[in-house]
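Have a look at the structure below before the remarks.
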Protein chains: 2
Amino acid sequence: MRVLIADDHGIVRSGLRLLLERQPDIEVVAEAADGAEARDLAVRERPDLAILDVKMPNLTGLQATREIKRQAPEVSVLILSMHDDERYLFEALKAGASGYVLKAQADTDLLAAIRAVERGEPFLTPEAQRTLIKDVLERGSTGEEELTPREEEVVKLVAEANTTKQIAELLHLSEKTVENHRANAMRKLGMRDRVELVRYAIRRGLIEP
Amino acid sequence: MRVLIADDHGIVRSGLRLLLERQPDIEVVAEAADGAEARDLAVRERPDLAILDVKMPNLTGLQATREIKRQAPEVSVLILSMHDDERYLFEALKAGASGYVLKAQADTDLLAAIRAVERGEPFLTPEAQRTLIKDVLERGSTGEEELTPREEEVVKLVAEANTTKQIAELLHLSEKTVENHRANAMRKLGMRDRVELVRYAIRRGLIEP
DNA sequence: AAGGCCATAGGGGGCAACCCCCGATCTGGG
DNA sequence: CCCAGATCGGGGGTTGCCCCCTATGGCCTT
């Protein structure tokens, strides 16, 4: 099994490599120190599996996952999350990840996750499963309404502190259209102003804080 | 040289251990998964050096440092920091740490830091030195760019998507006062609107995304 | 005593954001 | 073929953000 690992900390990459290479059938074929590098390597090397940290420079693990699944959908992705952070779980799954493992449990759960992915099954730690169930129950079965690509693009630009006029120029649209996309996004998300959109964009990994 | 390592992620401990044990004169005599355990082991084992992650359960690396330096001052402490987080640099030095190393640079800087500590010298990465110098210069010469407690409080509430009116009610102030604090904070930080304040507040850890 | 910073409060004004309506065009799927 | 949804564009209005200014009382340092 050919694996790519991506984390901005050399120490973590060493630890992962050590853990993985104790397995006779696993080979680490590439290491990346940021999200953009991870995406490029995944597209070029086509590993069986990419293990990505959530928090990386250039592209977050979530952004990298989206791009990898678009450009090389046969590459499976496992997301590694710091802390007790399960807030990215939902987004990770929507981005196309096959599993979500907390770093604190990485040494015990990671191999189980890899074996699951190998069999083509998804993998979630028990904690992650609990979080997911809680989320689904809270949001109702569907989750929140999804944004269209255009709406998401506008939200991203809003969150980067562009004014309506600037966004209109960037996208070659009228200010009115930009306002409409922003308003529709806010309505779908149940938000009242740009400030809430910023936090949403950061949670979604659309922008860096 | 007898070393203790403390980090809540097994993967990171593995990576550290791997790195350190390649050195013939370094022996990892203890591993801790949280701050309290790190303190207890440091006091009992009296290693020459304790390498502590900033963010750990029970006691943070900084709290653990303070307690270790009080109960076993001959133990040197190196702080390992996640992210690009240099915000704990001052506190670490104040707590008695001999050095501050970013995890992203751990594999290259950590050994240099250990050798410095061995010689009884302090160690800061070039980035940390720059941060320190920048801060000293800012505080020394021109008006300091730090926010007053009131300004920070207002910024936090702004970033939580409260309107000026809501903040005024929460703090029992006039809207005008809130506006002044917000405007002063924005001027100090060189920002133009609330959207930028949100990202600042998240970077500073004032609020969660 | 004087000057400095801070927290408090206010006036007035320009403009962007936000809200509620509306319609036109194009596309994909039943 | 028609309908739904996405995209694009607009009118017209209220609110709140943001910027400019002044001012007072409390506290600390000089």
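Here, A, B, ... name the chains of the structure tokens in the order displayed, residue numbers run from 1 inside each chain, and ligands are numbered from 1 in the same displayed order.
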
All strand (DSSP E or B) residues (DSSP, backbone) inside range 22-127 of chain B, as a ChimeraX atom specification: /B:27-32,49-53,76-81,99-102,123-124

Would you mind exporting the chosen residues as a compact mmCIF listing (two decimals), in the first residue's frame, restricted to N, CA and C atoms?
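Saved the output as again_22.txt:
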# COMPACT_ATOMS: atom_id res chain seq x y z
N GLU B 27 19.65 10.35 26.54
CA GLU B 27 18.80 9.23 26.92
C GLU B 27 17.43 9.76 27.35
N VAL B 28 16.38 9.24 26.74
CA VAL B 28 15.03 9.63 27.14
C VAL B 28 14.64 8.79 28.35
N VAL B 29 14.58 9.42 29.52
CA VAL B 29 14.36 8.66 30.75
C VAL B 29 12.89 8.65 31.17
N ALA B 30 12.07 9.50 30.55
CA ALA B 30 10.65 9.51 30.94
C ALA B 30 9.82 10.14 29.84
N GLU B 31 8.58 9.67 29.74
CA GLU B 31 7.61 10.22 28.79
C GLU B 31 6.34 10.55 29.55
N ALA B 32 5.78 11.72 29.27
CA ALA B 32 4.53 12.10 29.92
C ALA B 32 3.52 12.51 28.86
N LEU B 49 17.00 17.69 31.48
CA LEU B 49 16.19 18.55 30.62
C LEU B 49 14.78 18.00 30.49
N ALA B 50 13.80 18.90 30.51
CA ALA B 50 12.41 18.52 30.24
C ALA B 50 11.96 19.26 28.99
N ILE B 51 11.47 18.50 28.01
CA ILE B 51 10.96 19.10 26.78
C ILE B 51 9.44 19.01 26.82
N LEU B 52 8.78 20.18 26.89
CA LEU B 52 7.34 20.20 27.13
C LEU B 52 6.59 20.86 25.98
N ASP B 53 5.51 20.23 25.57
CA ASP B 53 4.59 20.87 24.63
C ASP B 53 3.82 21.96 25.36
N SER B 76 16.37 21.89 33.56
CA SER B 76 16.16 22.87 32.49
C SER B 76 14.89 22.51 31.71
N VAL B 77 14.26 23.51 31.15
CA VAL B 77 13.02 23.28 30.41
C VAL B 77 13.11 23.90 29.02
N LEU B 78 12.72 23.12 28.04
CA LEU B 78 12.53 23.63 26.68
C LEU B 78 11.06 23.54 26.33
N ILE B 79 10.50 24.62 25.80
CA ILE B 79 9.09 24.62 25.41
C ILE B 79 8.98 24.37 23.91
N LEU B 80 8.12 23.42 23.57
CA LEU B 80 7.81 23.14 22.16
C LEU B 80 6.45 23.75 21.87
N SER B 81 6.39 24.56 20.81
CA SER B 81 5.10 25.18 20.51
C SER B 81 4.57 24.71 19.17
N GLY B 99 14.37 27.82 26.66
CA GLY B 99 14.27 27.95 25.21
C GLY B 99 12.87 27.72 24.72
N TYR B 100 12.66 28.11 23.45
CA TYR B 100 11.32 28.08 22.86
C TYR B 100 11.49 27.67 21.41
N VAL B 101 10.98 26.49 21.04
CA VAL B 101 11.19 25.97 19.70
C VAL B 101 9.83 25.67 19.06
N LEU B 102 9.64 26.16 17.82
CA LEU B 102 8.41 25.84 17.10
C LEU B 102 8.48 24.41 16.58
N PHE B 123 18.18 29.46 24.49
CA PHE B 123 18.06 29.24 23.04
C PHE B 123 16.72 29.74 22.53
N LEU B 124 16.80 30.56 21.50
CA LEU B 124 15.58 30.98 20.81
C LEU B 124 15.81 30.78 19.32

Residue list for chain D near chain B as a VMD selection string, 10 Å, only C-alpha atoms (C1' of nucleotides): chain D and resid 16 to 19

For the residues in the current selection, export N, CA and C atoms (P, O5', C5', C4', C3', O3' and C1' of nucleotides) as a PDB file, in the first residue's frame.
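As written to disk, part-v6.pdb reads:
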ATOM      1  P    DG D  16     -29.703  49.057  14.012  1.00  0.00           P
ATOM      2  O5'  DG D  16     -28.170  48.976  13.596  1.00  0.00           O
ATOM      3  C5'  DG D  16     -27.772  47.978  12.671  1.00  0.00           C
ATOM      4  C4'  DG D  16     -26.386  48.299  12.164  1.00  0.00           C
ATOM      5  C3'  DG D  16     -25.416  48.734  13.261  1.00  0.00           C
ATOM      6  O3'  DG D  16     -24.203  48.050  13.039  1.00  0.00           O
ATOM      7  C1'  DG D  16     -25.480  50.359  11.534  1.00  0.00           C
ATOM      8  P    DC D  17     -23.045  47.990  14.092  1.00  0.00           P
ATOM      9  O5'  DC D  17     -21.817  48.352  13.154  1.00  0.00           O
ATOM     10  C5'  DC D  17     -21.693  47.680  11.905  1.00  0.00           C
ATOM     11  C4'  DC D  17     -20.904  48.521  10.939  1.00  0.00           C
ATOM     12  C3'  DC D  17     -19.511  48.908  11.423  1.00  0.00           C
ATOM     13  O3'  DC D  17     -18.614  48.586  10.381  1.00  0.00           O
ATOM     14  C1'  DC D  17     -20.665  50.822  10.646  1.00  0.00           C
ATOM     15  P    DC D  18     -17.029  48.491  10.703  1.00  0.00           P
ATOM     16  O5'  DC D  18     -16.524  49.979  10.509  1.00  0.00           O
ATOM     17  C5'  DC D  18     -16.480  50.509   9.197  1.00  0.00           C
ATOM     18  C4'  DC D  18     -16.233  51.988   9.244  1.00  0.00           C
ATOM     19  C3'  DC D  18     -15.077  52.456  10.129  1.00  0.00           C
ATOM     20  O3'  DC D  18     -14.026  52.901   9.277  1.00  0.00           O
ATOM     21  C1'  DC D  18     -16.969  53.901  10.274  1.00  0.00           C
ATOM     22  P    DC D  19     -12.706  53.570   9.945  1.00  0.00           P
ATOM     23  O5'  DC D  19     -12.975  55.139   9.904  1.00  0.00           O
ATOM     24  C5'  DC D  19     -13.369  55.750   8.682  1.00  0.00           C
ATOM     25  C4'  DC D  19     -13.563  57.232   8.917  1.00  0.00           C
ATOM     26  C3'  DC D  19     -12.516  57.861   9.845  1.00  0.00           C
ATOM     27  O3'  DC D  19     -11.867  58.938   9.200  1.00  0.00           O
ATOM     28  C1'  DC D  19     -14.712  58.474  10.505  1.00  0.00           C
TER      29       DC D  19
END

Exercise answer, chain B residues close to chain A, 7 Å and only C-alpha atoms, as a CSV table (one decimal) with C-alpha atoms, in the first residue's frame:
chain,number,residue,atom,x,y,z
B,8,ASP,CA,-0.3,14.5,24.6
B,9,HIS,CA,0.2,12.9,21.2
B,10,GLY,CA,1.8,9.6,21.0
B,11,ILE,CA,2.9,10.2,17.5
B,12,VAL,CA,4.8,13.3,18.5
B,14,SER,CA,7.6,8.8,19.0
B,15,GLY,CA,9.0,11.3,16.6
B,16,LEU,CA,10.9,13.1,19.4
B,103,LYS,CA,7.4,22.3,16.2
B,104,ALA,CA,7.5,23.1,12.6
B,106,ALA,CA,11.7,21.0,15.7
B,107,ASP,CA,13.7,18.5,13.7
B,159,ALA,CA,-16.0,39.1,16.7
B,161,ALA,CA,-21.2,39.0,16.0
B,194,ARG,CA,-15.2,44.2,11.7
B,195,VAL,CA,-14.3,41.4,9.3
B,196,GLU,CA,-10.6,41.9,9.9
B,198,VAL,CA,-12.9,38.7,13.6
B,199,ARG,CA,-9.8,37.0,12.0
B,202,ILE,CA,-9.5,34.1,16.2
B,203,ARG,CA,-5.8,34.2,15.6
B,209,PRO,CA,-14.0,30.0,15.0

Which polymer residues have any atom within 12 Å of an atom of DC20 in chain D, counting only C-alpha atoms (C1' of nucleotides), with same-chain residues fewer than 6 positions away left out, as a PDB file with C-alpha atoms (C1' of nucleotides), in the first residue's frame?
ATOM      1  CA  ALA B 183     -12.312  52.384  16.523  1.00  0.00           C
TER       2      ALA B 183
ATOM      3  C1'  DG C  11     -22.219  65.384  17.688  1.00  0.00           C
ATOM      4  C1'  DG C  12     -22.461  65.089  12.912  1.00  0.00           C
ATOM      5  C1'  DG C  13     -21.919  63.045   8.476  1.00  0.00           C
ATOM      6  C1'  DG C  14     -21.028  59.720   4.565  1.00  0.00           C
TER       7       DG C  14
END

Kindly provide, as a PDB file with C-alpha atoms, in the first residue's frame, the residues of chain B having any atom no farther than 12 Å from an atom of chain C, counting only C-alpha atoms (C1' of nucleotides).
ATOM      1  CA  GLY B 143       3.036  54.082  21.196  1.00  0.00           C
ATOM      2  CA  GLU B 144       2.566  50.387  21.917  1.00  0.00           C
ATOM      3  CA  LEU B 147      -4.907  46.737  23.130  1.00  0.00           C
ATOM      4  CA  THR B 148      -6.197  47.867  26.496  1.00  0.00           C
ATOM      5  CA  PRO B 149      -8.301  45.327  28.391  1.00  0.00           C
ATOM      6  CA  ARG B 150     -11.463  47.207  27.508  1.00  0.00           C
ATOM      7  CA  GLU B 151     -10.575  47.341  23.840  1.00  0.00           C
ATOM      8  CA  HIS B 172     -23.595  48.729  30.496  1.00  0.00           C
ATOM      9  CA  LEU B 173     -22.005  51.424  28.368  1.00  0.00           C
ATOM     10  CA  SER B 174     -23.213  53.927  25.806  1.00  0.00           C
ATOM     11  CA  GLU B 175     -23.025  52.908  22.170  1.00  0.00           C
ATOM     12  CA  LYS B 176     -20.670  55.767  21.628  1.00  0.00           C
ATOM     13  CA  THR B 177     -18.137  54.403  24.077  1.00  0.00           C
ATOM     14  CA  VAL B 178     -18.254  51.006  22.439  1.00  0.00           C
ATOM     15  CA  GLU B 179     -17.700  52.619  19.068  1.00  0.00           C
ATOM     16  CA  ASN B 180     -14.711  54.496  20.430  1.00  0.00           C
ATOM     17  CA  HIS B 181     -13.106  51.363  21.857  1.00  0.00           C
ATOM     18  CA  ASN B 184      -9.247  52.694  18.774  1.00  0.00           C
ATOM     19  CA  ASP B 193     -13.631  46.825   9.458  1.00  0.00           C
ATOM     20  CA  ARG B 194     -15.178  44.199  11.714  1.00  0.00           C
TER      21      ARG B 194
END

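One finds CA of Leu171 in chain B at 12.8 Å from CA of Glu152 in chain B.
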
Alpha helix (DSSP H) call set, DSSP backbone run, range 63-199 of chain B, as a ChimeraX atom specification: /B:63-71,89-95,106-118,126-140,149-159,164-171,175-189,194-199

Polymer residues at most 10 Å from Arg46 in chain A, only C-alpha atoms (C1' of nucleotides), same-chain spacing of 2 or more positions, as a list in words: Arg2, Val3, Leu4, Val29, Asp40, Leu41, Ala42, Val43, Arg44, Asp48, Leu49, Ala50, Ile68, Ala72, Pro73, Glu74, Val75 and Ser76 of chain A

Atom-to-atom span, CA of Arg70 in chain B and CA of Ala92 in chain B, Å: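 That distance, rounded to one decimal, is 14.2 Å.
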